[in-house]
>>> print(open('final_24.cif').read())   # mmCIF, C-alpha atoms and all ligand atoms
data_my_file
#
loop_
_atom_site.label_atom_id
_atom_site.label_comp_id
_atom_site.auth_asym_id
_atom_site.auth_seq_id
_atom_site.Cartn_x
_atom_site.Cartn_y
_atom_site.Cartn_z
CA MET X 1 -53.25 -73.68 18.24
CA LYS X 2 -53.38 -70.56 16.06
CA ILE X 3 -52.78 -67.14 17.57
CA LEU X 4 -53.53 -63.87 15.81
CA ALA X 5 -50.96 -61.40 17.13
CA ILE X 6 -50.99 -57.60 16.94
CA GLU X 7 -48.12 -55.15 17.55
CA SER X 8 -48.45 -51.34 17.46
CA SER X 9 -46.19 -50.05 20.23
CA CYS X 10 -44.14 -47.65 18.11
CA ASP X 11 -43.99 -46.96 14.37
CA GLU X 12 -44.74 -50.39 12.92
CA THR X 13 -48.33 -51.58 12.44
CA ALA X 14 -47.96 -55.35 12.47
CA ALA X 15 -50.06 -58.51 12.57
CA ALA X 16 -49.13 -62.18 12.34
CA VAL X 17 -50.59 -65.65 12.64
CA VAL X 18 -48.45 -68.07 14.65
CA GLU X 19 -49.21 -71.78 15.02
CA ASP X 20 -48.27 -73.80 18.11
CA GLY X 21 -45.92 -71.17 19.38
CA ARG X 22 -43.13 -71.38 16.86
CA GLN X 23 -44.48 -71.67 13.36
CA VAL X 24 -45.03 -68.32 11.68
CA LEU X 25 -47.85 -68.66 9.13
CA SER X 26 -47.80 -64.96 8.26
CA ASN X 27 -45.96 -61.82 9.34
CA VAL X 28 -47.21 -58.50 7.97
CA ILE X 29 -45.42 -55.27 8.87
CA SER X 30 -46.58 -51.87 7.67
CA SER X 31 -43.75 -49.50 8.51
CA GLN X 32 -44.29 -45.78 9.07
CA ILE X 33 -40.57 -45.02 8.95
CA ASP X 34 -40.71 -42.95 5.74
CA LEU X 35 -43.29 -40.69 7.34
CA HIS X 36 -41.42 -40.14 10.63
CA ARG X 37 -38.09 -39.68 8.85
CA LEU X 38 -39.31 -36.24 7.71
CA TYR X 39 -39.27 -35.18 11.38
CA GLY X 40 -36.06 -36.96 12.40
CA GLY X 41 -37.84 -39.33 14.80
CA VAL X 42 -41.20 -40.85 15.73
CA VAL X 43 -44.03 -38.32 16.14
CA PRO X 44 -46.48 -40.04 18.56
CA GLU X 45 -49.68 -38.42 17.22
CA ILE X 46 -48.85 -39.37 13.65
CA ALA X 47 -47.99 -42.91 14.75
CA SER X 48 -51.38 -43.38 16.46
CA ARG X 49 -53.29 -41.99 13.48
CA LYS X 50 -51.46 -44.22 11.00
CA HIS X 51 -52.02 -47.30 13.16
CA ILE X 52 -55.77 -46.60 13.08
CA GLU X 53 -55.70 -46.19 9.31
CA ARG X 54 -53.73 -49.35 8.65
CA ILE X 55 -54.53 -51.89 11.33
CA ASN X 56 -57.57 -53.51 9.70
CA GLN X 57 -55.80 -53.98 6.37
CA VAL X 58 -52.72 -55.37 8.08
CA ILE X 59 -54.80 -57.93 10.00
CA ARG X 60 -56.76 -58.86 6.86
CA GLN X 61 -53.45 -59.41 5.05
CA ALA X 62 -52.04 -61.51 7.90
CA LEU X 63 -55.11 -63.80 7.80
CA ASP X 64 -54.97 -64.05 3.98
CA ASP X 65 -51.22 -64.79 3.94
CA ALA X 66 -51.76 -67.53 6.52
CA ASP X 67 -54.61 -68.89 4.40
CA THR X 68 -56.83 -68.70 7.43
CA GLU X 69 -59.98 -66.97 8.70
CA LEU X 70 -60.96 -65.60 12.09
CA GLU X 71 -63.02 -68.77 12.63
CA ASP X 72 -59.78 -70.79 12.74
CA ILE X 73 -58.07 -68.52 15.27
CA ASP X 74 -57.85 -69.82 18.87
CA ALA X 75 -56.57 -66.75 20.75
CA VAL X 76 -55.58 -63.12 20.24
CA GLY X 77 -52.23 -61.81 21.46
CA VAL X 78 -51.34 -58.13 21.65
CA THR X 79 -48.53 -55.88 22.89
CA TYR X 80 -49.94 -53.76 25.73
CA GLY X 81 -46.68 -52.10 26.84
CA PRO X 82 -44.18 -50.60 27.03
CA GLY X 83 -44.40 -48.09 24.18
CA LEU X 84 -46.26 -44.98 23.04
CA VAL X 85 -49.62 -44.90 24.80
CA GLY X 86 -51.69 -43.74 21.82
CA ALA X 87 -49.98 -46.24 19.52
CA LEU X 88 -50.42 -49.15 21.97
CA LEU X 89 -54.10 -48.28 22.48
CA VAL X 90 -54.89 -48.92 18.81
CA GLY X 91 -53.60 -52.50 18.97
CA VAL X 92 -55.15 -53.16 22.38
CA ALA X 93 -58.59 -51.85 21.32
CA GLU X 94 -58.45 -53.87 18.10
CA ALA X 95 -57.42 -57.07 19.91
CA LYS X 96 -60.18 -56.61 22.49
CA ALA X 97 -62.77 -56.03 19.76
CA ILE X 98 -61.78 -59.18 17.86
CA SER X 99 -61.58 -61.41 20.92
CA TYR X 100 -64.90 -60.07 22.27
CA ALA X 101 -66.70 -60.49 18.93
CA ARG X 102 -65.39 -64.02 18.43
CA GLY X 103 -65.34 -65.13 22.05
CA LEU X 104 -61.56 -65.75 21.98
CA PRO X 105 -59.10 -65.64 24.87
CA LEU X 106 -57.14 -62.38 25.03
CA VAL X 107 -53.45 -62.45 25.96
CA GLY X 108 -51.58 -59.18 26.58
CA VAL X 109 -47.84 -59.39 25.96
CA HIS X 110 -44.86 -57.36 27.19
CA HIS X 111 -43.04 -55.99 24.13
CA ILE X 112 -39.61 -57.08 25.40
CA GLU X 113 -40.92 -60.57 26.14
CA GLY X 114 -41.83 -60.54 22.44
CA HIS X 115 -38.32 -59.49 21.34
CA ILE X 116 -36.78 -62.31 23.39
CA SER X 117 -39.30 -64.82 22.00
CA ALA X 118 -38.28 -63.90 18.42
CA ASN X 119 -35.34 -66.25 19.03
CA TYR X 120 -37.65 -69.27 19.25
CA ILE X 121 -38.96 -68.82 15.69
CA GLU X 122 -35.89 -69.99 13.79
CA HIS X 123 -34.25 -72.06 16.52
CA PRO X 124 -36.61 -74.93 17.37
CA GLU X 125 -33.97 -76.41 19.67
CA LEU X 126 -33.72 -73.28 21.85
CA GLU X 127 -35.39 -73.59 25.23
CA PRO X 128 -34.85 -71.83 28.56
CA PRO X 129 -32.67 -71.41 30.48
CA PHE X 130 -30.37 -69.14 28.47
CA LEU X 131 -28.78 -65.73 28.75
CA CYS X 132 -30.32 -62.96 26.64
CA LEU X 133 -29.04 -59.51 25.70
CA VAL X 134 -31.98 -57.29 24.76
CA VAL X 135 -30.97 -54.23 22.75
CA SER X 136 -33.71 -52.11 21.20
CA GLY X 137 -34.55 -48.45 20.70
CA GLY X 138 -36.07 -48.19 24.17
CA HIS X 139 -34.38 -50.98 26.15
CA THR X 140 -30.99 -52.42 26.98
CA GLN X 141 -31.16 -55.37 29.32
CA LEU X 142 -29.15 -58.41 30.19
CA ALA X 143 -31.36 -61.19 31.55
CA ILE X 144 -31.43 -64.88 32.29
CA VAL X 145 -34.50 -66.43 30.67
CA GLU X 146 -35.18 -68.96 33.43
CA ASP X 147 -38.34 -70.29 31.84
CA TYR X 148 -40.89 -69.17 29.26
CA GLY X 149 -42.09 -65.77 30.46
CA LYS X 150 -39.80 -65.86 33.51
CA LEU X 151 -36.85 -63.51 33.51
CA ARG X 152 -34.13 -62.69 35.97
CA ILE X 153 -32.79 -59.24 35.07
CA LEU X 154 -29.04 -58.95 35.68
CA GLY X 155 -28.60 -55.40 34.44
CA SER X 156 -30.17 -52.52 32.53
CA THR X 157 -29.13 -49.20 31.08
CA ARG X 158 -28.82 -46.28 33.47
CA ASP X 159 -29.57 -43.73 30.75
CA ASP X 160 -29.88 -44.13 26.97
CA ALA X 161 -30.82 -47.44 25.38
CA ALA X 162 -28.30 -48.84 22.88
CA GLY X 163 -30.57 -48.13 19.88
CA GLU X 164 -31.28 -44.64 21.17
CA ALA X 165 -27.51 -43.94 21.27
CA PHE X 166 -27.17 -45.13 17.66
CA ASP X 167 -30.09 -42.91 16.60
CA LYS X 168 -28.75 -39.81 18.40
CA VAL X 169 -25.21 -40.17 17.08
CA ALA X 170 -26.53 -40.78 13.56
CA ARG X 171 -28.61 -37.63 13.77
CA ALA X 172 -25.59 -35.62 14.92
CA ILE X 173 -23.63 -36.63 11.82
CA GLY X 174 -26.55 -35.93 9.48
CA LEU X 175 -27.82 -39.47 8.86
CA PRO X 176 -31.58 -40.09 8.54
CA TYR X 177 -33.86 -41.77 11.12
CA PRO X 178 -33.58 -44.53 12.22
CA GLY X 179 -29.86 -44.13 12.61
CA GLY X 180 -28.89 -47.66 13.71
CA PRO X 181 -28.97 -49.28 10.26
CA GLU X 182 -27.31 -46.17 8.73
CA ILE X 183 -24.38 -46.31 11.18
CA ASP X 184 -24.14 -50.06 10.61
CA LYS X 185 -23.75 -49.43 6.84
CA LEU X 186 -21.41 -46.43 7.04
CA ALA X 187 -19.18 -48.10 9.65
CA ARG X 188 -18.25 -50.83 7.18
CA GLU X 189 -16.14 -48.25 5.29
CA GLY X 190 -14.52 -46.84 8.43
CA ASN X 191 -11.71 -47.69 10.81
CA PRO X 192 -13.06 -48.73 14.24
CA GLN X 193 -9.70 -47.89 15.83
CA ALA X 194 -9.54 -44.36 14.40
CA ILE X 195 -11.00 -42.62 17.46
CA THR X 196 -11.07 -43.91 21.05
CA PHE X 197 -14.47 -43.36 22.66
CA PRO X 198 -15.22 -44.24 26.29
CA ARG X 199 -16.51 -47.67 27.28
CA ALA X 200 -18.54 -47.10 30.43
CA ARG X 201 -18.39 -49.52 33.34
CA ILE X 202 -20.36 -48.93 36.50
CA ASP X 203 -18.70 -49.70 39.83
CA GLY X 204 -20.57 -52.36 41.75
CA ALA X 205 -23.01 -53.01 38.89
CA PRO X 206 -21.07 -55.06 36.33
CA TYR X 207 -24.13 -55.78 34.18
CA ASP X 208 -25.58 -52.28 34.00
CA PHE X 209 -24.97 -50.13 30.95
CA SER X 210 -24.54 -46.42 30.30
CA PHE X 211 -24.37 -44.92 26.83
CA SER X 212 -24.77 -41.22 27.53
CA GLY X 213 -21.00 -40.87 28.02
CA VAL X 214 -20.07 -42.20 24.60
CA LYS X 215 -22.85 -40.13 23.04
CA SER X 216 -21.51 -36.94 24.68
CA ALA X 217 -17.97 -37.85 23.66
CA VAL X 218 -19.11 -38.07 20.02
CA LEU X 219 -20.91 -34.73 20.26
CA ASN X 220 -17.82 -33.10 21.84
CA TYR X 221 -15.62 -34.55 19.14
CA LEU X 222 -17.92 -33.08 16.47
CA ASN X 223 -18.02 -29.64 18.14
CA HIS X 224 -14.29 -29.56 18.61
CA HIS X 225 -13.65 -30.30 14.95
CA LYS X 226 -16.27 -27.82 13.82
CA MET X 227 -14.71 -25.00 15.89
CA GLN X 228 -11.32 -25.71 14.40
CA GLY X 229 -12.83 -25.81 10.92
CA LYS X 230 -11.64 -29.40 10.44
CA GLU X 231 -13.48 -31.95 8.34
CA ILE X 232 -14.51 -35.14 10.08
CA GLU X 233 -14.24 -38.61 8.63
CA LYS X 234 -17.83 -39.78 9.19
CA ALA X 235 -17.18 -43.44 8.42
CA ASP X 236 -14.32 -43.58 10.96
CA LEU X 237 -16.48 -41.87 13.56
CA ALA X 238 -19.40 -44.27 12.93
CA ALA X 239 -17.10 -47.31 13.11
CA SER X 240 -15.36 -46.10 16.29
CA PHE X 241 -18.62 -45.24 18.05
CA GLN X 242 -20.15 -48.58 17.05
CA GLN X 243 -17.04 -50.41 18.24
CA SER X 244 -17.27 -48.81 21.66
CA VAL X 245 -20.97 -49.76 22.09
CA VAL X 246 -20.50 -53.27 20.73
CA SER X 247 -17.49 -54.03 22.91
CA VAL X 248 -19.38 -53.02 26.09
CA LEU X 249 -22.41 -55.12 25.08
CA THR X 250 -20.25 -58.12 24.26
CA ASP X 251 -18.00 -57.86 27.34
CA HIS X 252 -20.94 -57.59 29.77
CA THR X 253 -22.68 -60.54 28.15
CA MET X 254 -19.57 -62.76 28.22
CA ARG X 255 -18.90 -61.88 31.85
CA ALA X 256 -22.48 -62.83 32.78
CA ALA X 257 -22.30 -66.08 30.79
CA GLU X 258 -19.21 -67.01 32.75
CA GLU X 259 -20.49 -66.02 36.19
CA PHE X 260 -23.89 -67.69 35.76
CA HIS X 261 -22.57 -70.72 33.84
CA MET X 262 -24.76 -70.14 30.81
CA ASP X 263 -23.72 -72.07 27.72
CA ARG X 264 -26.40 -70.54 25.48
CA VAL X 265 -26.54 -66.87 24.66
CA ALA X 266 -29.24 -65.05 22.66
CA VAL X 267 -29.46 -61.50 21.36
CA ALA X 268 -32.78 -59.71 20.72
CA GLY X 269 -34.23 -56.33 19.69
CA GLY X 270 -33.58 -53.95 16.79
CA VAL X 271 -29.85 -53.53 17.53
CA ALA X 272 -29.44 -57.33 17.33
CA ALA X 273 -29.62 -56.76 13.55
CA ASN X 274 -26.29 -54.91 13.76
CA GLN X 275 -23.59 -56.69 11.76
CA CYS X 276 -20.72 -55.64 14.00
CA LEU X 277 -22.54 -56.82 17.15
CA ARG X 278 -23.44 -60.16 15.53
CA LYS X 279 -19.81 -60.67 14.47
CA ALA X 280 -18.36 -59.70 17.86
CA MET X 281 -20.80 -61.93 19.75
CA LYS X 282 -20.09 -64.80 17.37
CA GLU X 283 -16.34 -64.53 17.89
CA ALA X 284 -16.67 -64.16 21.66
CA CYS X 285 -19.04 -67.15 21.93
CA GLU X 286 -16.90 -69.35 19.67
CA LYS X 287 -13.84 -68.58 21.77
CA ARG X 288 -15.64 -69.79 24.91
CA GLY X 289 -17.53 -72.71 23.38
CA LEU X 290 -20.94 -71.03 23.87
CA THR X 291 -23.85 -71.40 21.46
CA LEU X 292 -25.11 -68.10 20.07
CA TYR X 293 -28.64 -67.39 18.85
CA TYR X 294 -30.02 -64.33 17.09
CA PRO X 295 -33.11 -63.82 14.94
CA SER X 296 -33.08 -62.90 11.25
CA PRO X 297 -33.13 -59.10 10.88
CA VAL X 298 -36.89 -59.02 10.15
CA TYR X 299 -37.56 -60.64 13.54
CA CYS X 300 -35.06 -58.36 15.35
CA THR X 301 -36.94 -55.13 14.67
CA ASP X 302 -40.60 -54.72 15.65
CA ASN X 303 -42.95 -57.37 14.28
CA ALA X 304 -46.05 -59.26 15.43
CA ALA X 305 -44.73 -62.81 14.90
CA MET X 306 -42.58 -62.43 18.03
CA ILE X 307 -45.70 -61.25 19.94
CA GLY X 308 -47.56 -64.37 18.75
CA VAL X 309 -44.78 -66.59 20.07
CA ALA X 310 -44.70 -64.83 23.45
CA ALA X 311 -48.52 -64.92 23.63
CA TYR X 312 -48.47 -68.70 23.09
CA TYR X 313 -46.18 -69.30 26.06
CA GLU X 314 -48.10 -66.78 28.19
CA TYR X 315 -51.31 -68.61 27.27
CA ARG X 316 -49.75 -71.94 28.24
CA ASN X 317 -48.70 -70.36 31.56
CA GLY X 318 -52.34 -69.43 32.17
CA THR X 319 -52.30 -65.72 31.30
CA ARG X 320 -55.74 -64.40 30.25
CA HIS X 321 -56.67 -60.74 30.10
CA GLY X 322 -60.14 -59.25 30.47
CA TRP X 323 -61.93 -56.41 28.69
CA ASP X 324 -60.27 -54.02 31.08
CA LEU X 325 -56.87 -54.63 29.47
CA ASN X 326 -55.29 -51.23 28.95
CA ALA X 327 -52.18 -49.84 27.27
CA VAL X 328 -49.38 -49.47 29.84
CA PRO X 329 -46.68 -47.19 28.38
CA ASN X 330 -44.11 -47.96 31.11
CA LEU X 331 -45.01 -51.61 31.75
CA LYS X 332 -42.31 -53.32 33.81
CA LEU X 333 -40.94 -56.72 32.89
CA GLY X 334 -42.55 -59.52 34.86
CA GLU X 335 -45.78 -57.56 35.58
CA HIS X 336 -49.09 -58.98 34.39
O1 LIG X 401 -36.69 -53.25 18.59
P1 LIG X 401 -36.91 -52.06 17.77
O2 LIG X 401 -37.40 -52.24 16.36
O3 LIG X 401 -37.91 -51.08 18.46
C1 LIG X 401 -37.94 -50.87 19.84
O4 LIG X 401 -38.56 -51.70 20.54
O5 LIG X 401 -37.31 -49.87 20.26
O6 LIG X 401 -35.53 -51.27 17.77
C2 LIG X 401 -35.35 -50.11 17.04
C3 LIG X 401 -33.93 -49.64 17.28
C4 LIG X 401 -33.65 -48.28 16.67
O7 LIG X 401 -32.96 -47.51 17.63
C5 LIG X 401 -32.75 -48.61 15.50
O8 LIG X 401 -31.85 -47.59 15.16
C6 LIG X 401 -32.02 -49.84 16.00
O9 LIG X 401 -33.00 -50.57 16.69
N1 LIG X 401 -31.48 -50.66 14.90
C7 LIG X 401 -30.16 -50.86 14.71
C8 LIG X 401 -30.04 -51.64 13.52
N2 LIG X 401 -31.30 -51.90 13.05
C9 LIG X 401 -32.17 -51.29 13.91
N3 LIG X 401 -29.09 -50.43 15.40
C10 LIG X 401 -27.88 -50.79 14.96
N4 LIG X 401 -27.67 -51.52 13.83
C11 LIG X 401 -28.71 -51.96 13.09
N5 LIG X 401 -28.50 -52.68 11.99
ZN ZN X 402 -39.22 -53.25 19.78
#
>>> encode(input="final_24.cif", output="structure tokens", more="lines below")
Ligand code: KG4
Ligand code: ZN
Amino acid sequence: MKILAIESSCDETAAAVVEDGRQVLSNVISSQIDLHRLYGGVVPEIASRKHIERINQVIRQALDDADTELEDIDAVGVTYGPGLVGALLVGVAEAKAISYARGLPLVGVHHIEGHISANYIEHPELEPPFLCLVVSGGHTQLAIVEDYGKLRILGSTRDDAAGEAFDKVARAIGLPYPGGPEIDKLAREGNPQAITFPRARIDGAPYDFSFSGVKSAVLNYLNHHKMQGKEIEKADLAASFQQSVVSVLTDHTMRAAEEFHMDRVAVAGGVAANQCLRKAMKEACEKRGLTLYYPSPVYCTDNAAMIGVAAYYEYRNGTRHGWDLNAVPNLKLGEH
């Protein structure tokens, strides 16, 4: 079964062809990052306009790369939330047009379901149940993937998402958007023990996260040094901030693995590309005899291959959307 998948929830216009759920025949990503970098973050109106300009070419390329034509496609999968409403609408309208014109089933996918499903692409042996830490620019969630498309959320962030914290701290020390990969790079030259930043734990909610405290601590540190006319060591700051975020993410995940007797742990979302997080999770899992899964960096950040995988399992579970499918900017997990 071949699925044409479309993703346009933020600043990546992406299309992919995925066969039988796990085989990626093509994965085309047209990134708008260079454009948004001029403004220090994603400008929603520009994102929507660029999606419109690029989507047809991106889909054409995805079909060509997969050596396939629309006639060979069996279903269309598309991200319909959460994300920027104008950006999502472009993908949803395109998917509806193609499936209507060709009489194909239409399967709307939750973006986070897609991120989790990215783990299936390179790990054919991975099947639910497993524990998954989802860390992206908009989400931070710890969940048990009980079955395909069936999640039990153990905890979420109370304020900033992990990626958002990386982006805000990066901006404060003058690094370009998106800040996560920049901090990742700079931190390699710094000392993670140089500065002690807070590691938030929430009473009574051991799997919830909060990153606004560490973000404020970094901003206070910067202000304090500026007022005293002192130079800051940016690499040490990046490494220390990153260490504080990574240790909270890793500790929460290990605690959940223990409590819920999970022997397989997966990481997903843009921040899953972070070298320090991958290393810390690897060490923690090895110590406890757990098997760790994470996607290659290209499948961690936004892409349509992961949407194709999620759409396949949704399709198998019976999900079909009608022509009234709409973009849902704040779509909750588990809603259809
Ligand atoms: O999953 P994603 O591409 O988009 C959302 O669904 O939000 O995640 C983007 C986020 C951004 O905040 C970006 O800074 C962060 O992932 N990110 C990273 C790294 N690569 C991307 N954060 C830390 N280290 C990285 N290497
Ligand atoms: Zn994403």
>>> residues_near_point(input="final_24.cif", point="(-53.7, -66.1, 18.8)", cutoff="12 Å", atoms="all atoms listed in the file", output="compact mmCIF listing (two decimals) with C-alpha atoms, in the coordinates of the input")
# COMPACT_ATOMS: atom_id res chain seq x y z
CA MET X 1 -53.25 -73.68 18.24
CA LYS X 2 -53.38 -70.56 16.06
CA ILE X 3 -52.78 -67.14 17.57
CA LEU X 4 -53.53 -63.87 15.81
CA ALA X 5 -50.96 -61.40 17.13
CA ILE X 6 -50.99 -57.60 16.94
CA ALA X 15 -50.06 -58.51 12.57
CA ALA X 16 -49.13 -62.18 12.34
CA VAL X 17 -50.59 -65.65 12.64
CA VAL X 18 -48.45 -68.07 14.65
CA GLU X 19 -49.21 -71.78 15.02
CA ASP X 20 -48.27 -73.80 18.11
CA GLY X 21 -45.92 -71.17 19.38
CA ARG X 22 -43.13 -71.38 16.86
CA VAL X 24 -45.03 -68.32 11.68
CA LEU X 25 -47.85 -68.66 9.13
CA ALA X 62 -52.04 -61.51 7.90
CA LEU X 63 -55.11 -63.80 7.80
CA GLU X 69 -59.98 -66.97 8.70
CA LEU X 70 -60.96 -65.60 12.09
CA GLU X 71 -63.02 -68.77 12.63
CA ASP X 72 -59.78 -70.79 12.74
CA ILE X 73 -58.07 -68.52 15.27
CA ASP X 74 -57.85 -69.82 18.87
CA ALA X 75 -56.57 -66.75 20.75
CA VAL X 76 -55.58 -63.12 20.24
CA GLY X 77 -52.23 -61.81 21.46
CA VAL X 78 -51.34 -58.13 21.65
CA ALA X 95 -57.42 -57.07 19.91
CA ILE X 98 -61.78 -59.18 17.86
CA SER X 99 -61.58 -61.41 20.92
CA ARG X 102 -65.39 -64.02 18.43
CA LEU X 104 -61.56 -65.75 21.98
CA PRO X 105 -59.10 -65.64 24.87
CA LEU X 106 -57.14 -62.38 25.03
CA VAL X 107 -53.45 -62.45 25.96
CA GLY X 108 -51.58 -59.18 26.58
CA VAL X 109 -47.84 -59.39 25.96
CA ALA X 304 -46.05 -59.26 15.43
CA ALA X 305 -44.73 -62.81 14.90
CA MET X 306 -42.58 -62.43 18.03
CA ILE X 307 -45.70 -61.25 19.94
CA GLY X 308 -47.56 -64.37 18.75
CA VAL X 309 -44.78 -66.59 20.07
CA ALA X 310 -44.70 -64.83 23.45
CA ALA X 311 -48.52 -64.92 23.63
CA TYR X 312 -48.47 -68.70 23.09
CA TYR X 313 -46.18 -69.30 26.06
CA GLU X 314 -48.10 -66.78 28.19
CA TYR X 315 -51.31 -68.61 27.27
CA ARG X 316 -49.75 -71.94 28.24
CA ARG X 320 -55.74 -64.40 30.25
>>> residues_near_point(input="final_24.cif", point="(-20.8, -56.2, 29.0)", cutoff="10 Å", atoms="only C-alpha atoms", output="PyMOL selection string")
chain X and resi 133+142+155+199-201+206-209+245-256
>>> atom_distance(input="final_24.cif", atom1="CA of Val58 in chain X", atom2="CA of Asp11 in chain X")
13.7 Å
>>> residues_near_ligand(input="final_24.cif", ligand="ligand LIG 401 (chain X)", cutoff="9 Å", atoms="all atoms listed in the file", output="short mmCIF file (atom, residue, chain, number, x, y, z; two decimals) with C-alpha atoms, keeping the file's coordinate frame")
data_model
loop_
_atom_site.label_atom_id
_atom_site.label_comp_id
_atom_site.auth_asym_id
_atom_site.auth_seq_id
_atom_site.Cartn_x
_atom_site.Cartn_y
_atom_site.Cartn_z
CA SER X 9 -46.19 -50.05 20.23
CA CYS X 10 -44.14 -47.65 18.11
CA ASP X 11 -43.99 -46.96 14.37
CA GLU X 12 -44.74 -50.39 12.92
CA PRO X 82 -44.18 -50.60 27.03
CA GLY X 83 -44.40 -48.09 24.18
CA HIS X 111 -43.04 -55.99 24.13
CA ILE X 112 -39.61 -57.08 25.40
CA HIS X 115 -38.32 -59.49 21.34
CA VAL X 134 -31.98 -57.29 24.76
CA VAL X 135 -30.97 -54.23 22.75
CA SER X 136 -33.71 -52.11 21.20
CA GLY X 137 -34.55 -48.45 20.70
CA GLY X 138 -36.07 -48.19 24.17
CA HIS X 139 -34.38 -50.98 26.15
CA ALA X 161 -30.82 -47.44 25.38
CA ALA X 162 -28.30 -48.84 22.88
CA GLY X 163 -30.57 -48.13 19.88
CA GLU X 164 -31.28 -44.64 21.17
CA ALA X 165 -27.51 -43.94 21.27
CA PHE X 166 -27.17 -45.13 17.66
CA ASP X 167 -30.09 -42.91 16.60
CA LYS X 168 -28.75 -39.81 18.40
CA ALA X 170 -26.53 -40.78 13.56
CA TYR X 177 -33.86 -41.77 11.12
CA PRO X 178 -33.58 -44.53 12.22
CA GLY X 179 -29.86 -44.13 12.61
CA GLY X 180 -28.89 -47.66 13.71
CA PRO X 181 -28.97 -49.28 10.26
CA GLU X 182 -27.31 -46.17 8.73
CA ILE X 183 -24.38 -46.31 11.18
CA ASP X 184 -24.14 -50.06 10.61
CA LYS X 185 -23.75 -49.43 6.84
CA GLN X 242 -20.15 -48.58 17.05
CA ALA X 268 -32.78 -59.71 20.72
CA GLY X 269 -34.23 -56.33 19.69
CA GLY X 270 -33.58 -53.95 16.79
CA VAL X 271 -29.85 -53.53 17.53
CA ALA X 272 -29.44 -57.33 17.33
CA ALA X 273 -29.62 -56.76 13.55
CA ASN X 274 -26.29 -54.91 13.76
CA GLN X 275 -23.59 -56.69 11.76
CA CYS X 276 -20.72 -55.64 14.00
CA LEU X 277 -22.54 -56.82 17.15
CA PRO X 297 -33.13 -59.10 10.88
CA TYR X 299 -37.56 -60.64 13.54
CA CYS X 300 -35.06 -58.36 15.35
CA THR X 301 -36.94 -55.13 14.67
CA ASP X 302 -40.60 -54.72 15.65
CA ASN X 303 -42.95 -57.37 14.28
#
>>> closest_residue(input="final_24.cif", among="X:Ala238, X:Leu333, X:Met227, X:Ile144", to="Met262 in chain X", atoms="all atoms listed in the file")
X:Ile144
>>> closest_residue(input="final_24.cif", among="X:Ser26, X:Gln228, X:Thr79, X:Ser244", to="Asn326 in chain X", atoms="all atoms listed in the file")
X:Thr79
>>> atom_distance(input="final_24.cif", atom1="CA of Glu53 in chain X", atom2="CA of His110 in chain X")
23.7 Å
>>> closest_residue(input="final_24.cif", among="X:Leu237, X:Arg158, X:Glu258, X:Val169", to="Ser210 in chain X", atoms="all atoms listed in the file")
X:Arg158
>>> residues_around(input="final_24.cif", residues="Gly289 in chain X", least_positions_apart="2", cutoff="12 Å", atoms="all atoms listed in the file", output="PDB file with C-alpha atoms, in the coordinates of the input")
ATOM      1  CA  MET X 254     -19.570 -62.760  28.220  1.00  0.00           C
ATOM      2  CA  ALA X 257     -22.300 -66.080  30.790  1.00  0.00           C
ATOM      3  CA  GLU X 258     -19.210 -67.010  32.750  1.00  0.00           C
ATOM      4  CA  HIS X 261     -22.570 -70.720  33.840  1.00  0.00           C
ATOM      5  CA  MET X 262     -24.760 -70.140  30.810  1.00  0.00           C
ATOM      6  CA  ASP X 263     -23.720 -72.070  27.720  1.00  0.00           C
ATOM      7  CA  ARG X 264     -26.400 -70.540  25.480  1.00  0.00           C
ATOM      8  CA  VAL X 265     -26.540 -66.870  24.660  1.00  0.00           C
ATOM      9  CA  MET X 281     -20.800 -61.930  19.750  1.00  0.00           C
ATOM     10  CA  LYS X 282     -20.090 -64.800  17.370  1.00  0.00           C
ATOM     11  CA  GLU X 283     -16.340 -64.530  17.890  1.00  0.00           C
ATOM     12  CA  ALA X 284     -16.670 -64.160  21.660  1.00  0.00           C
ATOM     13  CA  CYS X 285     -19.040 -67.150  21.930  1.00  0.00           C
ATOM     14  CA  GLU X 286     -16.900 -69.350  19.670  1.00  0.00           C
ATOM     15  CA  LYS X 287     -13.840 -68.580  21.770  1.00  0.00           C
ATOM     16  CA  THR X 291     -23.850 -71.400  21.460  1.00  0.00           C
ATOM     17  CA  LEU X 292     -25.110 -68.100  20.070  1.00  0.00           C
TER      18      LEU X 292
END
>>> atom_distance(input="final_24.cif", atom1="CA of Arg37 in chain X", atom2="CA of Val298 in chain X")
19.4 Å
